[in-house]
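Novice: For reference, the structure I am asking about is given below.
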Amino acid sequence: MAVIYQKHTADCHYEVRTAGSSIRLYSNSVLHTQYNPNQVISGAIWDLLVLPAFFKASSPRKVLLLGLGGGALVKMIQYFFPKAQIDCVELDPQHIYIAKRFFKISGVTIHQGDAYEFLKKNRKKFDWVIDDVFGHLDGNPLRQTSLNDTLYTRALTYDGLLSINIIDDVEGHSSLKK
């Protein structure tokens, strides 16, 4: 594995590493993105976030991705749903820089800011909302906030699809507010 980029800020250490054809983004030792252009399906969580869209009656046209990371999900969506318009919201400007420079993310609209604040102010409707918002604490991924189904509902079309990345089933059951 080769480190091809690293940067230290006041509160974060970023690394971009390659392993064969794969490229990976780490922030404070937490893997945020892994992508291999020769193998779009990777066996990682990102595959599962995309899977539900294959069961929709029609392909998603407007997609909102909360949490860009390095952009593995963008690459998958563009590969499987090439006509989809993708909006991404990413809090960390360094992740946006890395996604563009190393993961070659293009053809999407990127909003730099808090994903949940974006949802509160957003008035657009999306066919598909994907929540992949994670930070890190002590080398472990950490959800940034509890899930809020009202925020998602406002952003989704009537028959819209919601995909959420969660740490484990306990978090999933306890996070959604009823």
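Residue numbers start at 1 in each chain; chains themselves are named A, B, ... in the order of the structure tokens; ligands are numbered from 1 in the order shown.
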Which of chain A end up as strand (DSSP E or B) when DSSP is run on this backbone - answer as a PyMOL selection string?
Specialist: chain A and resi 2-8+13-19+22-27+30-35+62-66+85-90+109-112+126-131+134-137+140-143+156-164
Novice: So that I can check the surroundings of stretch 82-90 of chain A, please list as a PyMOL selection string every protein, DNA and RNA residue that reaches within 6 Å of it, counting only C-alpha atoms and ignoring chain neighbours fewer than 2 positions away.
Specialist: chain A and resi 61-68+78-79+92+108-113+115
Novice: Write to file, as a CSV table (one decimal), in the first residue's frame, the residues of the selection just made, with N, CA and C atoms.
Specialist:
```csv
chain,number,residue,atom,x,y,z
A,61,ARG,N,-33.6,9.8,-11.1
A,61,ARG,CA,-33.2,10.9,-11.9
A,61,ARG,C,-32.5,12.0,-11.1
A,62,LYS,N,-33.0,12.2,-9.9
A,62,LYS,CA,-32.4,13.2,-9.0
A,62,LYS,C,-32.0,12.6,-7.7
A,63,VAL,N,-30.7,12.6,-7.5
A,63,VAL,CA,-30.1,11.9,-6.3
A,63,VAL,C,-29.4,13.0,-5.4
A,64,LEU,N,-29.7,12.8,-4.1
A,64,LEU,CA,-29.0,13.6,-3.1
A,64,LEU,C,-28.1,12.7,-2.3
A,65,LEU,N,-26.8,13.0,-2.3
A,65,LEU,CA,-25.9,12.2,-1.5
A,65,LEU,C,-25.4,13.1,-0.3
A,66,LEU,N,-25.7,12.6,0.9
A,66,LEU,CA,-25.3,13.3,2.1
A,66,LEU,C,-24.0,12.7,2.6
A,67,GLY,N,-22.9,13.4,2.5
A,67,GLY,CA,-21.6,12.8,2.8
A,67,GLY,C,-20.9,12.3,1.6
A,68,LEU,N,-20.0,13.1,1.0
A,68,LEU,CA,-19.3,12.7,-0.2
A,68,LEU,C,-18.1,11.8,0.1
A,78,GLN,N,-23.0,7.0,-11.0
A,78,GLN,CA,-22.7,7.4,-12.4
A,78,GLN,C,-22.6,6.1,-13.3
A,79,TYR,N,-22.0,5.1,-12.8
A,79,TYR,CA,-21.9,3.9,-13.6
A,79,TYR,C,-23.2,3.2,-13.9
A,92,ASP,N,-16.6,18.6,5.0
A,92,ASP,CA,-15.2,18.7,5.1
A,92,ASP,C,-14.6,19.2,3.7
A,108,VAL,N,-21.1,16.4,-11.0
A,108,VAL,CA,-22.0,16.5,-9.9
A,108,VAL,C,-22.0,17.9,-9.3
A,109,THR,N,-23.1,18.2,-8.6
A,109,THR,CA,-23.1,19.5,-7.9
A,109,THR,C,-22.7,19.2,-6.5
A,110,ILE,N,-21.7,19.9,-6.0
A,110,ILE,CA,-21.2,19.6,-4.6
A,110,ILE,C,-21.5,20.9,-3.8
A,111,HIS,N,-22.2,20.7,-2.7
A,111,HIS,CA,-22.5,21.7,-1.7
A,111,HIS,C,-21.6,21.5,-0.5
A,112,GLN,N,-20.8,22.5,-0.2
A,112,GLN,CA,-19.9,22.4,1.0
A,112,GLN,C,-20.7,22.9,2.2
A,113,GLY,N,-20.9,22.0,3.2
A,113,GLY,CA,-21.7,22.4,4.4
A,113,GLY,C,-22.2,21.2,5.1
A,115,ALA,N,-24.8,18.6,6.1
A,115,ALA,CA,-25.8,17.8,5.4
A,115,ALA,C,-27.2,18.0,6.0
```
Novice: Would you mind telling me which residue in A:Leu119, A:Ala19, A:Ile98, A:Ala53 lies nearest to A:Leu162 when using only C-alpha atoms?
Specialist: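 The closest residue to A:Leu162 is A:Ala53.
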Novice: Write out as an NGL selection string the set of residues from stretch 28-127 of chain A that DSSP, computed on the backbone, places in helix (DSSP H, G or I).
Specialist: :A and (45-55 or 72-80 or 93-101 or 115-121)
Novice: What does the distance from atom CA of A:Leu161 to atom CA of A:Asp127 come to in Å, to one decimal?
Specialist: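 Interatomic distance here is 6.1 Å.
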Novice: Rounded to one decimal, what separation in Å do you get between atom CA of A:Asp132 and atom CA of A:Ser21?
Specialist: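 Separation of atom CA of A:Asp132 and atom CA of A:Ser21: 23.6 Å.
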Novice: Could you give me, as an MDAnalysis selection string, the residues within 7 Å of A:Gln6, counting only C-alpha atoms and dropping anything in the same chain fewer than 3 positions from it?
Specialist: chainID A and resid 14:16
Novice: Please determine, counting only C-alpha atoms, which residue among A:Val50, A:Phe103, A:Ile167, A:Ala72 has the shortest atom-to-atom distance to A:Trp128.
Specialist: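 Ranking A:Val50, A:Phe103, A:Ile167, A:Ala72 by distance to A:Trp128, first place goes to A:Val50.
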Novice: What lies within 9 Å of A:Pro52 using only C-alpha atoms, ignoring chain neighbours under 3 positions off, as number ranges by chain?
Specialist: A: 48-49, 55-56, 161-163
Novice: Please identify all polymer residues within 7 Å of stretch 36-44 of chain A, counting only C-alpha atoms, omitting same-chain residues fewer than 6 positions from it, and present them as a count of residues only.
Specialist: 4
Novice: How far is it from atom CA of A:Ala99 to atom CA of A:Arg17, in Å with one decimal?
Specialist: 12.9 Å
Novice: Point out the residue among A:Asp159, A:Asp114, A:Asp11, A:Asp47 with the least atom-to-atom distance to A:Tyr35, counting only C-alpha atoms.
Specialist: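 The closest residue to A:Tyr35 is A:Asp47.
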Novice: Nearest to A:Gly69 among A:Gln94, A:Asn122, A:Thr33, A:Thr150, with distances taken over only C-alpha atoms: which residue is it?
Specialist: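 The shortest atom-to-atom distance to A:Gly69 comes from A:Thr33.
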Novice: Choose the residue, out of A:Phe134, A:Tyr26, A:Phe126, A:Phe80, that has the smallest atom-to-atom separation from A:Lys7; count only C-alpha atoms.
Specialist: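 Nearest to A:Lys7: A:Tyr26.
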